[in-house]
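Content type compact mmCIF, C-alpha atoms (C1' of nucleotides), from the file input06.txt:
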```
# COMPACT_ATOMS: atom_id res chain seq x y z
CA MET N 1 105.73 88.69 114.91
CA LEU N 2 108.61 87.46 112.83
CA ALA N 3 109.37 83.79 112.92
CA SER N 4 112.77 82.29 113.49
CA PRO N 5 115.01 81.58 110.47
CA GLU N 6 114.47 77.87 110.44
CA HIS N 7 111.11 76.31 109.79
CA ARG N 8 110.16 72.68 109.87
CA LEU N 9 113.15 71.67 111.96
CA SER N 10 112.81 68.00 111.19
CA PRO N 11 109.79 66.53 109.52
CA PRO N 12 107.44 65.16 112.15
CA ASP N 13 107.45 61.51 111.51
CA VAL N 14 105.15 58.77 112.65
CA GLN N 15 108.09 56.39 112.41
CA LYS N 16 109.68 58.26 115.27
CA ILE N 17 107.03 57.11 117.65
CA ARG N 18 108.70 55.45 120.55
CA ALA N 19 108.55 51.70 120.68
CA GLY N 20 105.75 50.33 122.81
CA MET N 21 103.49 53.22 122.07
CA GLY N 22 101.32 53.50 119.02
CA ALA N 23 99.79 50.20 119.95
CA SER N 24 96.48 51.45 118.63
CA GLY N 25 97.78 52.05 115.14
CA LYS N 26 94.74 50.23 113.87
CA ARG N 27 92.33 52.75 115.30
CA VAL N 28 94.45 55.55 113.96
CA ARG N 29 94.39 54.19 110.47
CA GLN N 30 90.64 53.85 110.77
CA ILE N 31 90.25 57.50 111.67
CA GLU N 32 92.73 58.39 109.00
CA ARG N 33 90.52 56.73 106.46
CA ARG N 34 87.59 58.69 107.72
CA CYS N 35 89.54 61.89 107.34
CA ARG N 36 90.14 61.20 103.70
CA ALA N 37 86.51 60.30 103.28
CA VAL N 38 85.40 63.72 104.42
CA GLY N 39 88.04 65.47 102.41
CA PHE N 40 90.51 66.21 105.15
CA LYS N 41 93.93 65.91 103.67
CA MET N 42 96.49 64.00 105.69
CA THR N 43 99.94 65.30 106.42
CA ASP N 44 102.79 64.18 108.61
CA VAL N 45 101.79 66.47 111.44
CA ARG N 46 98.20 65.39 111.23
CA ARG N 47 98.99 61.72 111.22
CA VAL N 48 101.09 62.25 114.30
CA LEU N 49 98.27 64.26 115.83
CA LEU N 50 95.84 61.41 115.34
CA HIS N 51 98.13 59.11 117.27
CA GLY N 52 98.15 61.63 120.07
CA ILE N 53 94.38 61.88 120.09
CA VAL N 54 93.92 58.15 120.26
CA GLU N 55 96.62 57.71 122.86
CA ALA N 56 95.30 60.54 125.01
CA GLY N 57 91.87 58.97 125.02
CA GLU N 58 88.39 60.39 124.81
CA GLY N 59 87.75 63.75 126.38
CA ALA N 60 91.33 64.92 126.37
CA THR N 61 92.14 68.60 126.15
CA ALA N 62 94.36 70.14 123.52
CA VAL N 63 97.36 70.53 125.80
CA GLU N 64 96.87 67.07 127.20
CA ILE N 65 97.08 65.70 123.71
CA TRP N 66 100.14 67.80 123.12
CA LYS N 67 101.85 66.51 126.23
CA VAL N 68 101.02 62.96 125.28
CA LEU N 69 102.59 63.58 121.91
CA ARG N 70 105.65 65.03 123.50
CA GLY N 71 105.95 61.85 125.46
CA MET N 72 105.51 59.43 122.61
CA ILE N 73 107.35 61.14 119.80
CA ALA N 74 111.09 60.98 119.59
CA GLY N 75 111.68 63.86 117.20
CA HIS N 76 109.99 67.17 116.69
CA VAL N 77 106.55 67.71 118.17
CA PRO N 78 103.96 69.84 116.36
CA SER N 79 103.54 73.30 117.81
CA GLN N 80 100.52 73.92 119.97
CA GLY N 81 99.34 76.41 117.41
CA SER N 82 99.22 73.86 114.63
CA LEU N 83 97.74 71.35 117.00
CA GLN N 84 94.86 73.60 117.96
CA ARG N 85 94.34 74.63 114.40
CA ASN N 86 94.09 71.06 113.21
CA LEU N 87 91.84 70.09 116.05
CA ASN N 88 89.49 72.84 114.96
CA LEU N 89 89.61 71.62 111.40
CA LEU N 90 88.88 68.08 112.48
CA VAL N 91 85.88 69.35 114.38
CA GLU N 92 84.71 71.32 111.38
CA HIS N 93 84.96 68.21 109.29
CA GLY N 94 82.97 66.25 111.81
CA VAL N 95 85.73 63.78 112.56
CA LEU N 96 86.01 65.03 116.12
CA HIS N 97 83.40 66.29 118.51
CA ARG N 98 84.16 68.96 121.01
CA ASP N 99 82.50 70.20 124.16
CA VAL N 100 83.44 72.20 127.19
CA GLY N 101 84.20 70.68 130.55
CA SER N 102 83.31 72.26 133.84
CA ASP N 103 86.72 73.91 133.77
CA ARG N 104 85.86 75.82 130.61
CA VAL N 105 88.30 73.91 128.49
CA TRP N 106 87.55 72.13 125.24
CA ARG N 107 87.44 68.35 125.42
CA TYR N 108 87.90 66.38 122.23
CA ARG N 109 86.65 62.95 121.32
CA VAL N 110 86.33 61.02 118.13
CA ALA N 111 82.88 61.58 116.73
CA PRO N 112 80.53 58.62 116.93
CA LYS N 113 80.58 56.73 113.69
CA ASP N 114 77.41 57.98 112.13
CA ARG N 115 77.96 58.54 108.41
CA PRO N 116 75.15 56.66 106.72
CA THR N 117 76.38 58.84 103.86
CA LEU N 118 73.75 61.38 104.93
CA ALA N 119 70.50 61.47 103.09
CA VAL N 120 70.47 64.16 100.48
CA THR N 121 67.36 64.21 98.37
CA PHE N 122 66.27 66.42 95.57
CA VAL N 123 62.65 67.45 95.56
CA ASP N 124 61.18 68.38 92.25
CA ALA N 125 59.61 71.78 92.62
CA GLY N 126 56.90 70.98 90.14
CA THR N 127 55.89 67.41 90.86
CA GLY N 128 57.08 67.11 94.42
CA ARG N 129 58.72 63.88 93.49
CA GLU N 130 61.84 63.02 95.48
CA ILE N 131 65.05 61.99 93.87
CA ALA N 132 67.82 60.49 95.93
CA CYS N 133 71.13 62.18 95.43
CA HIS N 134 74.16 60.06 96.10
CA ALA N 135 76.75 62.79 96.10
CA PRO N 136 79.19 62.53 98.97
CA GLU N 137 80.80 65.80 97.96
CA VAL N 138 77.56 67.68 98.31
CA ALA N 139 76.90 66.04 101.63
CA GLU N 140 80.39 66.90 102.75
CA LEU N 141 80.10 70.52 101.73
CA LEU N 142 76.84 70.88 103.59
CA ARG N 143 78.28 69.24 106.64
CA ARG N 144 81.24 71.56 106.49
CA ILE N 145 79.21 74.72 106.23
CA ALA N 146 76.84 73.57 108.93
CA ALA N 147 79.75 72.71 111.18
CA ARG N 148 81.07 76.19 110.69
CA HIS N 149 77.90 77.32 112.43
CA GLY N 150 78.15 74.68 115.11
CA LEU N 151 75.42 72.59 113.54
CA ALA N 152 75.22 69.03 112.35
CA VAL N 153 73.28 68.14 109.27
CA ARG N 154 70.71 65.42 109.80
CA GLU N 155 69.30 65.35 106.34
CA ALA N 156 68.84 67.68 103.45
CA SER N 157 66.17 68.00 100.86
CA ILE N 158 66.94 70.32 98.05
CA THR N 159 64.10 71.66 96.05
CA VAL N 160 64.93 71.71 92.40
CA ALA N 161 63.26 72.42 89.14
CA PRO N 162 64.05 71.31 85.61
CA SER N 163 66.67 73.67 84.21
CA SER N 164 64.23 74.81 81.55
CA VAL N 165 62.03 76.42 84.19
CA CYS N 166 63.06 79.80 85.54
CA ALA N 167 63.71 79.98 89.27
CA GLY N 168 60.94 82.47 89.79
CA GLU N 169 58.32 80.13 88.44
CA ALA N 170 59.35 77.22 90.57
CA ARG N 171 56.69 76.00 92.91
CA MET M 1 100.39 96.93 140.38
CA LEU M 2 99.89 100.10 142.30
CA ALA M 3 96.42 101.53 142.40
CA SER M 4 95.45 105.09 141.67
CA PRO M 5 95.34 107.63 144.52
CA GLU M 6 91.61 107.82 144.83
CA HIS M 7 89.52 104.87 145.85
CA ARG M 8 85.79 104.59 146.06
CA LEU M 9 85.18 107.49 143.67
CA SER M 10 81.58 107.82 144.68
CA PRO M 11 79.84 105.21 146.75
CA PRO M 12 77.90 102.91 144.45
CA ASP M 13 74.34 103.59 145.37
CA VAL M 14 71.23 101.66 144.63
CA GLN M 15 69.35 104.93 144.76
CA LYS M 16 71.20 106.02 141.65
CA ILE M 17 69.47 103.37 139.62
CA ARG M 18 67.82 105.06 136.72
CA ALA M 19 64.09 105.51 136.88
CA GLY M 20 62.14 102.81 135.11
CA MET M 21 64.72 100.16 135.85
CA GLY M 22 64.94 98.23 139.05
CA ALA M 23 61.37 97.17 138.53
CA SER M 24 62.18 93.85 140.10
CA GLY M 25 63.26 95.32 143.41
CA LYS M 26 61.14 92.71 145.09
CA ARG M 27 63.10 89.82 143.70
CA VAL M 28 66.32 91.57 144.60
CA ARG M 29 65.29 92.01 148.19
CA GLN M 30 64.36 88.36 148.27
CA ILE M 31 67.80 87.31 147.12
CA GLU M 32 69.32 89.82 149.46
CA ARG M 33 67.60 88.10 152.33
CA ARG M 34 68.95 84.80 151.19
CA CYS M 35 72.44 86.24 151.13
CA ARG M 36 72.19 87.23 154.74
CA ALA M 37 70.80 83.81 155.55
CA VAL M 38 73.90 82.08 154.26
CA GLY M 39 76.18 84.57 155.90
CA PHE M 40 77.04 86.69 152.90
CA LYS M 41 77.40 90.25 154.08
CA MET M 42 75.72 92.89 151.99
CA THR M 43 77.46 96.01 150.83
CA ASP M 44 76.60 98.82 148.45
CA VAL M 45 78.42 97.24 145.57
CA ARG M 46 76.84 93.89 146.18
CA ARG M 47 73.36 95.26 146.39
CA VAL M 48 73.89 96.99 143.10
CA LEU M 49 75.31 93.78 141.69
CA LEU M 50 72.16 91.89 142.64
CA HIS M 51 70.10 94.36 140.69
CA GLY M 52 72.31 93.75 137.70
CA ILE M 53 71.98 90.00 138.02
CA VAL M 54 68.21 90.14 138.18
CA GLU M 55 67.96 92.65 135.39
CA ALA M 56 70.34 90.72 133.15
CA GLY M 57 68.24 87.62 133.58
CA GLU M 58 69.15 83.97 134.01
CA GLY M 59 72.18 82.66 132.23
CA ALA M 60 73.90 85.99 131.81
CA THR M 61 77.66 86.19 131.64
CA ALA M 62 79.77 88.33 133.94
CA VAL M 63 80.42 91.02 131.36
CA GLU M 64 76.81 91.01 130.30
CA ILE M 65 75.81 91.72 133.86
CA TRP M 66 78.42 94.43 133.99
CA LYS M 67 77.11 96.07 130.84
CA VAL M 68 73.59 95.92 132.15
CA LEU M 69 74.75 97.62 135.29
CA ARG M 70 76.52 100.27 133.30
CA GLY M 71 73.25 100.95 131.59
CA MET M 72 71.07 101.12 134.67
CA ILE M 73 73.30 102.88 137.15
CA ALA M 74 73.75 106.62 136.99
CA GLY M 75 76.89 106.92 139.12
CA HIS M 76 79.91 104.75 139.51
CA VAL M 77 79.78 101.15 138.29
CA PRO M 78 81.65 98.44 140.19
CA SER M 79 84.86 97.33 138.54
CA GLN M 80 84.80 94.09 136.64
CA GLY M 81 87.29 92.72 139.10
CA SER M 82 85.00 93.25 142.05
CA LEU M 83 82.09 92.02 140.05
CA GLN M 84 83.76 88.74 139.20
CA ARG M 85 85.02 88.35 142.71
CA ASN M 86 81.56 88.77 144.17
CA LEU M 87 80.01 86.48 141.63
CA ASN M 88 82.45 83.82 142.71
CA LEU M 89 81.60 84.41 146.32
CA LEU M 90 77.91 84.18 145.60
CA VAL M 91 78.51 80.88 143.88
CA GLU M 92 80.55 79.66 146.82
CA HIS M 93 77.72 80.56 149.11
CA GLY M 94 75.26 78.74 146.95
CA VAL M 95 73.19 81.79 146.13
CA LEU M 96 74.13 81.58 142.48
CA HIS M 97 74.74 78.62 140.26
CA ARG M 98 77.25 78.73 137.50
CA ASP M 99 77.90 76.64 134.43
CA VAL M 100 79.72 76.97 131.16
CA GLY M 101 78.00 77.69 127.89
CA SER M 102 79.12 76.28 124.56
CA ASP M 103 81.30 79.37 124.19
CA ARG M 104 83.32 78.45 127.25
CA VAL M 105 82.05 81.37 129.30
CA TRP M 106 80.50 81.20 132.72
CA ARG M 107 76.73 81.69 132.85
CA TYR M 108 75.19 82.73 136.13
CA ARG M 109 71.70 82.12 137.42
CA VAL M 110 70.05 82.39 140.76
CA ALA M 111 70.19 79.02 142.43
CA PRO M 112 66.86 77.20 142.65
CA LYS M 113 65.33 77.76 146.02
CA ASP M 114 66.13 74.49 147.66
CA ARG M 115 67.37 75.05 151.19
CA PRO M 116 65.25 72.80 153.33
CA THR M 117 68.04 73.55 155.78
CA LEU M 118 69.89 70.57 154.32
CA ALA M 119 69.69 67.27 156.13
CA VAL M 120 72.71 66.64 158.25
CA THR M 121 72.51 63.45 160.27
CA PHE M 122 74.90 61.83 162.65
CA VAL M 123 75.20 58.09 162.41
CA ASP M 124 76.33 56.28 165.47
CA ALA M 125 79.28 54.11 164.50
CA GLY M 126 78.36 51.48 167.04
CA THR M 127 74.59 51.18 166.89
CA GLY M 128 73.97 52.62 163.45
CA ARG M 129 71.28 54.79 164.95
CA GLU M 130 70.74 58.11 163.17
CA ILE M 131 70.59 61.37 165.01
CA ALA M 132 69.34 64.46 163.21
CA CYS M 133 71.65 67.41 163.51
CA HIS M 134 69.99 70.79 163.22
CA ALA M 135 73.08 72.90 162.84
CA PRO M 136 72.81 75.46 160.07
CA GLU M 137 76.41 76.48 160.61
CA VAL M 138 77.64 72.99 159.94
CA ALA M 139 75.43 72.72 156.91
CA GLU M 140 76.68 76.06 155.68
CA LEU M 141 80.30 75.17 156.19
CA LEU M 142 79.85 71.93 154.27
CA ARG M 143 78.06 73.72 151.51
CA ARG M 144 80.86 76.21 151.27
CA ILE M 145 83.63 73.67 151.13
CA ALA M 146 81.74 71.60 148.62
CA ALA M 147 81.09 74.68 146.51
CA ARG M 148 84.80 75.34 146.50
CA HIS M 149 85.13 72.08 144.63
CA GLY M 150 82.23 72.84 142.34
CA LEU M 151 79.91 70.50 144.18
CA ALA M 152 76.57 70.90 145.84
CA VAL M 153 75.78 69.08 149.03
CA ARG M 154 72.61 67.03 148.86
CA GLU M 155 72.77 65.50 152.27
CA ALA M 156 75.39 64.56 154.77
CA SER M 157 75.59 61.73 157.19
CA ILE M 158 78.42 61.90 159.61
CA THR M 159 79.48 58.73 161.29
CA VAL M 160 80.26 59.33 164.90
CA ALA M 161 81.14 57.37 167.96
CA PRO M 162 80.77 58.11 171.63
CA SER M 163 83.80 60.14 172.67
CA SER M 164 84.91 57.35 174.98
CA VAL M 165 85.53 55.07 172.03
CA CYS M 166 88.79 55.45 170.13
CA ALA M 167 88.46 56.21 166.43
CA GLY M 168 90.26 53.04 165.42
CA GLU M 169 87.75 50.84 167.14
CA ALA M 170 84.73 52.48 165.56
CA ARG M 171 82.76 50.20 163.34
C1' DA A 1 101.76 79.40 90.09
C1' DT A 2 98.27 78.56 93.35
C1' DA A 3 96.72 76.62 97.28
C1' DT A 4 97.53 74.68 101.64
C1' DC A 5 100.23 73.68 105.72
C1' DT A 6 103.26 74.77 109.56
C1' DG A 7 106.04 77.13 113.15
C1' DC A 8 106.37 81.00 115.78
C1' DA A 9 105.01 84.67 118.51
C1' DA A 10 101.75 88.21 119.27
C1' DA A 11 97.04 89.13 120.18
C1' DC A 12 92.73 88.06 122.54
C1' DA A 13 89.08 87.39 126.08
C1' DG A 14 87.47 86.04 130.35
C1' DT A 15 89.01 85.31 134.70
C1' DT A 16 92.05 85.53 138.68
C1' DT A 17 95.32 87.71 141.80
C1' DG A 18 98.22 91.11 144.42
C1' DC A 19 98.45 95.34 146.50
C1' DG A 20 97.28 99.57 148.94
C1' DG A 21 93.55 102.22 150.69
C1' DC A 22 89.64 102.44 153.43
C1' DA A 23 85.91 101.24 156.43
C1' DT A 24 83.98 98.71 160.13
C1' DG A 25 83.97 96.06 164.48
C1' DC S 1 94.35 96.58 166.49
C1' DA S 2 92.20 92.77 163.06
C1' DT S 3 89.10 91.74 159.35
C1' DG S 4 87.13 92.30 155.19
C1' DC S 5 85.74 94.92 150.87
C1' DC S 6 86.93 97.50 146.84
C1' DG S 7 89.39 99.60 142.75
C1' DC S 8 93.01 99.13 139.85
C1' DA S 9 96.09 96.94 136.91
C1' DA S 10 99.03 93.10 136.12
C1' DA S 11 99.17 88.20 135.54
C1' DC S 12 97.28 83.85 133.87
C1' DT S 13 95.33 80.44 130.65
C1' DG S 14 93.57 78.34 126.71
C1' DT S 15 92.67 79.70 122.26
C1' DT S 16 92.98 82.35 117.97
C1' DT S 17 95.39 84.94 114.39
C1' DG S 18 99.00 87.10 111.24
C1' DC S 19 103.03 86.43 108.97
C1' DA S 20 106.50 84.22 106.20
C1' DG S 21 108.86 80.20 104.84
C1' DA S 22 107.86 75.42 103.17
C1' DT S 23 105.41 71.92 100.76
C1' DA S 24 102.27 69.96 97.77
C1' DT S 25 99.19 70.19 93.55
```

As structure tokens:
Amino acid sequence: MLASPEHRLSPPDVQKIRAGMGASGKRVRQIERRCRAVGFKMTDVRRVLLHGIVEAGEGATAVEIWKVLRGMIAGHVPSQGSLQRNLNLLVEHGVLHRDVGSDRVWRYRVAPKDRPTLAVTFVDAGTGREIACHAPEVAELLRRIAARHGLAVREASITVAPSSVCAGEAR
Amino acid sequence: MLASPEHRLSPPDVQKIRAGMGASGKRVRQIERRCRAVGFKMTDVRRVLLHGIVEAGEGATAVEIWKVLRGMIAGHVPSQGSLQRNLNLLVEHGVLHRDVGSDRVWRYRVAPKDRPTLAVTFVDAGTGREIACHAPEVAELLRRIAARHGLAVREASITVAPSSVCAGEAR
DNA sequence: ATATCTGCAAACAGTTTGCGGCATG
DNA sequence: CATGCCGCAAACTGTTTGCAGATAT
């Protein structure tokens, strides 16, 4: 399982996208923004990947995307391994949706733009009063964990109690 | 790819089904009848397979069915190869339906009992008059070919013209 | 330094396929 | 004969995983 001596042959570069293609750079940048928003760090490979996803269109399979990339990139194309891995991550982060076609192959598509920042509310264990919680990081973490179980968070209410009250007494 | 010297170790036998199981023998015989109806020849292995399908319940996967069989048969259990092959055939013949679950694995279930002998009608190219065609073999052939493409025939109207009229002139 | 990312190739899982043997018509 | 079924094991296919070098924080 040993890899070849040379890694990262030549940095995958969005600039190397062949002229004429990449027409939808706008859409890509939009998705890119969304990635950052949900805490998905961008890299060269990933930026390139996004172009491939957009260019391949909705419902494309992993290899289809890869082939599209191979066609539109002049230099080095990300390995299928990295591609699949990043697709999975994008799904976990909720940027992409994924479902199986009748040929048992994953189809990817950009997730519908929901994101009303997801309603996270704290519920006071004692009074029952609700307190809105505008914490994108919390929302994101929940979304991430849920996604790991194939679920999508609709809303979350977190029962809390003043820190002075012991957990056991909470009601 | 050479097989071992001995084939058919011990004939798979429905009789060898462990006591207590096979409670749904009725349902099995019903499906068995349907198999014959669509021209799917029964064999020992296939009969056993049907028991497995029924016992495993709707939406079972191929290996699930196989495991169930392994649990309910005393003697020799059909190989997974044969099992899959026969499942495919059953799907082709329309006895089973098949679709993919969210884990990208085929799920099998007994096809809903439609079969109103499937309406096949001839439409006269000249007059537009419809002529019912009660030909189960035609219906079956269509069903089979359609199944090969993952489709299910709902109805078929075949435009025809009196044999004296050349195809090109038909309207 | 620690954490993350990537390429590569091996590993995986479910399914399909090729072959020889055998049984039946 | 010809046809078709079955067991076995190899082949296939899309996906996942382990490792080590590379990069970023």

Would you pick out the contacts of stretch 12-21 of chain A at 12 Å or less, using only C-alpha atoms (C1' of nucleotides), so that residues sharing its chain but fewer than 3 positions from it are not included, and give the list as a PyMOL selection string?
(chain N and resi 103-104) or (chain M and resi 1-8+61-64+80-85+87-88+100+103-107) or (chain S and resi 5-17)

Interface list for chain A, partner chain N, 9 Å threshold, all atoms listed in the file, as a compact mmCIF listing (two decimals) with C-alpha atoms (C1' of nucleotides), in the coordinates of the input:
```
# COMPACT_ATOMS: atom_id res chain seq x y z
C1' DC A 5 100.23 73.68 105.72
C1' DT A 6 103.26 74.77 109.56
C1' DG A 7 106.04 77.13 113.15
C1' DC A 8 106.37 81.00 115.78
C1' DA A 9 105.01 84.67 118.51
C1' DA A 10 101.75 88.21 119.27
```

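Relative to atom CA of M:Gly101, atom CA of N:Leu50 is found at 27.2 Å.
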
I'd like the box whose edges run along x, y and z of the file and which contains every listed atom of stretch 11-21 of chain S, padded by 3 Å per side; could you state its centre and edge lengths in Å, one decimal, as AutoDock Vina command-line options?
```
--center_x 100.8 --center_y 83.3 --center_z 120.2 --size_x 22.2 --size_y 15.9 --size_z 36.7
```

Give me the chain S side of the contact with chain N, cut-off 8 Å, one line per residue showing its nearest atom pair and distance in Å at one decimal, counting all atoms listed in the file, sorted by chain and residue number, as JSON lines.
```
{"residue": "S:DG14", "atom": "C1'", "partner": "N:Val105", "partner_atom": "CA", "distance": 7.1}
{"residue": "S:DT15", "atom": "C1'", "partner": "N:Gln84", "partner_atom": "CA", "distance": 7.8}
{"residue": "S:DG18", "atom": "C1'", "partner": "N:Met1", "partner_atom": "CA", "distance": 7.8}
{"residue": "S:DC19", "atom": "C1'", "partner": "N:Leu2", "partner_atom": "CA", "distance": 6.9}
{"residue": "S:DA20", "atom": "C1'", "partner": "N:Ala3", "partner_atom": "CA", "distance": 7.3}
{"residue": "S:DG21", "atom": "C1'", "partner": "N:His7", "partner_atom": "CA", "distance": 6.7}
{"residue": "S:DA22", "atom": "C1'", "partner": "N:His7", "partner_atom": "CA", "distance": 7.4}
```

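The coordinates place atom C1' of S:DC1 at 28.9 Å from atom CA of M:Ala37.
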
Could you tell me how far atom CA of M:Leu90 sits from atom CA of M:Gly75, in Å to one decimal place?
23.7 Å

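Residue nearest chain N within the list M:Val68, M:Glu32, M:Arg98, M:Tyr108: M:Arg98 [criterion: smallest interatomic distance, all atoms listed in the file].
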
Find the spatial neighbours of A:DT2, counting all atoms listed in the file, within a cut-off of 12 Å - ignore same-chain residues fewer than 2 positions away - and output them as JSON, numbers by chain.
{"A": [4], "S": [24, 25]}

N, CA, C and O atoms are needed for stretch 81-97 of chain M; please write them out as a short mmCIF file (atom, residue, chain, number, x, y, z; two decimals), in the coordinates of the input.
```
data_model
loop_
_atom_site.label_atom_id
_atom_site.label_comp_id
_atom_site.auth_asym_id
_atom_site.auth_seq_id
_atom_site.Cartn_x
_atom_site.Cartn_y
_atom_site.Cartn_z
N GLY M 81 86.60 93.57 138.13
CA GLY M 81 87.29 92.72 139.10
C GLY M 81 86.40 92.41 140.28
O GLY M 81 86.18 91.26 140.64
N SER M 82 85.86 93.45 140.89
CA SER M 82 85.00 93.25 142.05
C SER M 82 83.78 92.44 141.67
O SER M 82 83.31 91.60 142.43
N LEU M 83 83.27 92.73 140.49
CA LEU M 83 82.09 92.02 140.05
C LEU M 83 82.37 90.51 139.99
O LEU M 83 81.64 89.71 140.58
N GLN M 84 83.43 90.15 139.32
CA GLN M 84 83.76 88.74 139.20
C GLN M 84 83.99 88.13 140.57
O GLN M 84 83.54 87.02 140.88
N ARG M 85 84.71 88.87 141.38
CA ARG M 85 85.02 88.35 142.71
C ARG M 85 83.74 88.05 143.47
O ARG M 85 83.59 87.00 144.07
N ASN M 86 82.81 88.97 143.44
CA ASN M 86 81.56 88.77 144.17
C ASN M 86 80.70 87.68 143.55
O ASN M 86 80.00 86.96 144.27
N LEU M 87 80.75 87.57 142.25
CA LEU M 87 80.01 86.48 141.63
C LEU M 87 80.54 85.15 142.14
O LEU M 87 79.77 84.26 142.51
N ASN M 88 81.85 85.05 142.19
CA ASN M 88 82.45 83.82 142.71
C ASN M 88 82.00 83.55 144.14
O ASN M 88 81.67 82.42 144.49
N LEU M 89 82.01 84.59 144.94
CA LEU M 89 81.60 84.41 146.32
C LEU M 89 80.15 83.95 146.40
O LEU M 89 79.81 83.05 147.17
N LEU M 90 79.31 84.56 145.58
CA LEU M 90 77.91 84.18 145.60
C LEU M 90 77.74 82.72 145.20
O LEU M 90 76.89 82.01 145.73
N VAL M 91 78.57 82.28 144.28
CA VAL M 91 78.51 80.88 143.88
C VAL M 91 78.96 80.00 145.04
O VAL M 91 78.31 79.00 145.37
N GLU M 92 80.05 80.42 145.67
CA GLU M 92 80.55 79.66 146.82
C GLU M 92 79.50 79.52 147.91
O GLU M 92 79.40 78.50 148.57
N HIS M 93 78.73 80.58 148.06
CA HIS M 93 77.72 80.56 149.11
C HIS M 93 76.44 79.88 148.67
O HIS M 93 75.48 79.80 149.42
N GLY M 94 76.41 79.47 147.42
CA GLY M 94 75.26 78.74 146.95
C GLY M 94 74.08 79.60 146.55
O GLY M 94 73.00 79.08 146.25
N VAL M 95 74.29 80.91 146.54
CA VAL M 95 73.19 81.79 146.13
C VAL M 95 73.04 81.76 144.62
O VAL M 95 71.94 81.78 144.10
N LEU M 96 74.17 81.68 143.94
CA LEU M 96 74.13 81.58 142.48
C LEU M 96 74.62 80.20 142.05
O LEU M 96 75.39 79.56 142.76
N HIS M 97 74.16 79.79 140.89
CA HIS M 97 74.74 78.62 140.26
C HIS M 97 75.46 79.10 139.02
O HIS M 97 75.16 80.15 138.48
#
```
